[in-house]
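Scroll down for the structure; my scribbles are underneath it.
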Amino acid sequence: MKVILNQNVENLGSVGDVLQVRDGYARNFLIPRQMAAAATPSNIKVVEREKAKEIQKERELKSAAEAQAKKIRSISVTAEVMAGDEGKLFGSVTSADIEGLLAAQGITVDKKDILVSKPIRKVGAFEVEVRCYTNVKAALKVWVVGKKDKGAEPAAAAGEPEVIEDAPKPVKAKSKKKKESAETPAES
């Protein structure tokens, strides 16, 4: 018996496949569970139309992804993060940070689609791969610029550590012991 699969069936086929299966397998298993339908000429035409729609939709998605990839290749983003004197970052630039930088430029990409090969932990220029669609990828230039903490500059410029005169003195923590004998309830 010929059937058209409505679902992906393990070891048999995927959605829309027209297959020849045994009559009992089709009547007792596939058709009652709505995993397949009989392959009549009208059902075959419906499946062919749906496949054509899917192919057209796939083409549109791929062309939109290629346009997005072209736009991503033409731009670069700058991440301004806290860094030390030697250009080492306090933390790292992650795919979520890059997603925010792209969103600021009007490009929406999921952070899972931003492929950072090694963690970005230094100041400099880096190239990151952005997956726009299946087999459509774009290289994005990421500039990492360090910024210094404004509050720390005067102390560093003086060359001496900052002394706070009115700082509270540290208090030793007192241990809490249970006073079992002193706190027994009075019996009346």
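Naming scheme: A, B, ... for chains in displayed order of the structure tokens; residues 1 onward per chain; ligands 1 onward as shown.
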
Task: Which of stretch 4-178 of chain A fall in helix (DSSP H, G or I), as a PyMOL selection string - done: chain A and resi 23-30+41-73+95-104+111-113+150-158

Let me see the file: selected residues, C-alpha atoms, as a short mmCIF file (atom, residue, chain, number, x, y, z; two decimals), in the first residue's frame.
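As written to disk, out.cif reads:
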```
data_model
loop_
_atom_site.label_atom_id
_atom_site.label_comp_id
_atom_site.auth_asym_id
_atom_site.auth_seq_id
_atom_site.Cartn_x
_atom_site.Cartn_y
_atom_site.Cartn_z
CA ASP A 23 -1.00 -3.17 4.07
CA GLY A 24 -1.27 -4.25 7.72
CA TYR A 25 1.45 -1.80 8.82
CA ALA A 26 -0.40 1.06 7.11
CA ARG A 27 -3.93 0.11 8.24
CA ASN A 28 -3.10 -0.93 11.82
CA PHE A 29 -0.27 1.40 12.78
CA LEU A 30 0.46 4.40 10.54
CA PRO A 41 -3.93 11.25 -6.40
CA SER A 42 -5.58 14.17 -4.56
CA ASN A 43 -3.43 13.67 -1.43
CA ILE A 44 -0.29 13.52 -3.56
CA LYS A 45 -1.19 16.85 -5.23
CA VAL A 46 -1.75 18.46 -1.81
CA VAL A 47 1.64 17.25 -0.59
CA GLU A 48 3.36 18.51 -3.75
CA ARG A 49 1.80 21.97 -3.28
CA GLU A 50 2.91 22.06 0.36
CA LYS A 51 6.45 21.03 -0.65
CA ALA A 52 6.52 23.83 -3.25
CA LYS A 53 5.41 26.34 -0.60
CA GLU A 54 8.11 25.08 1.78
CA ILE A 55 10.79 25.38 -0.91
CA GLN A 56 9.69 28.94 -1.71
CA LYS A 57 9.66 29.87 1.99
CA GLU A 58 13.13 28.35 2.37
CA ARG A 59 14.43 30.44 -0.55
CA GLU A 60 13.01 33.64 0.94
CA LEU A 61 14.54 32.94 4.35
CA LYS A 62 17.91 32.16 2.78
CA SER A 63 17.92 35.33 0.65
CA ALA A 64 17.02 37.44 3.71
CA ALA A 65 19.83 35.76 5.66
CA GLU A 66 22.31 36.45 2.85
CA ALA A 67 21.30 40.12 2.86
CA GLN A 68 21.78 40.22 6.64
CA ALA A 69 25.18 38.53 6.30
CA LYS A 70 26.25 41.12 3.72
CA LYS A 71 25.21 43.91 6.11
CA ILE A 72 27.11 42.27 9.00
CA ARG A 73 30.26 41.93 6.88
CA SER A 95 28.28 36.72 22.64
CA ALA A 96 25.52 38.44 24.65
CA ASP A 97 27.57 41.67 24.66
CA ILE A 98 28.08 41.41 20.89
CA GLU A 99 24.35 40.75 20.44
CA GLY A 100 23.61 44.03 22.26
CA LEU A 101 26.11 45.93 20.10
CA LEU A 102 24.52 44.56 16.93
CA ALA A 103 21.02 45.38 18.22
CA ALA A 104 22.16 48.98 18.74
CA LYS A 111 23.33 35.20 20.91
CA LYS A 112 23.53 31.47 20.17
CA ASP A 113 24.30 32.35 16.55
CA LYS A 150 37.15 57.40 36.74
CA GLY A 151 37.18 57.09 40.54
CA ALA A 152 40.51 55.24 40.61
CA GLU A 153 42.53 57.78 38.57
CA PRO A 154 43.34 60.35 41.32
CA ALA A 155 44.77 57.72 43.66
CA ALA A 156 46.81 56.16 40.89
CA ALA A 157 48.09 59.56 39.76
CA ALA A 158 49.34 60.45 43.25
#
```

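Close contacts of A:Ile31, defined as residues with an atom at most 10 Å away when counting only C-alpha atoms, with chain neighbours fewer than 6 positions off set aside, comprise Val3, Ile4, Leu5, Asn6, Tyr25, Ala37 and Ala38 of chain A.
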
Running DSSP on the backbone, which parts of stretch 34-78 of chain A land in strand (DSSP E), as a short mmCIF file (atom, residue, chain, number, x, y, z; two decimals) with C-alpha atoms, in the first residue's frame?
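Saved result, states_7.cif, follows:
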```cif
data_model
loop_
_atom_site.label_atom_id
_atom_site.label_comp_id
_atom_site.auth_asym_id
_atom_site.auth_seq_id
_atom_site.Cartn_x
_atom_site.Cartn_y
_atom_site.Cartn_z
CA ALA A 36 0.44 8.70 7.37
CA ALA A 37 -2.41 9.04 4.90
CA ALA A 38 -3.33 6.91 1.92
CA SER A 76 32.23 46.63 12.73
CA VAL A 77 31.25 47.07 16.37
CA THR A 78 33.16 48.60 19.27
#
```

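When the distance limit is 12 Å and only C-alpha atoms are what count, the residues near A:Lys88, minus those fewer than 5 positions from it on the same chain, are Val81, Met82, Ala83, Val93, Ile120, Arg121, Lys122, Val123, Gly124, Val144, Val145, Gly146, Lys147 and Lys148 of chain A.
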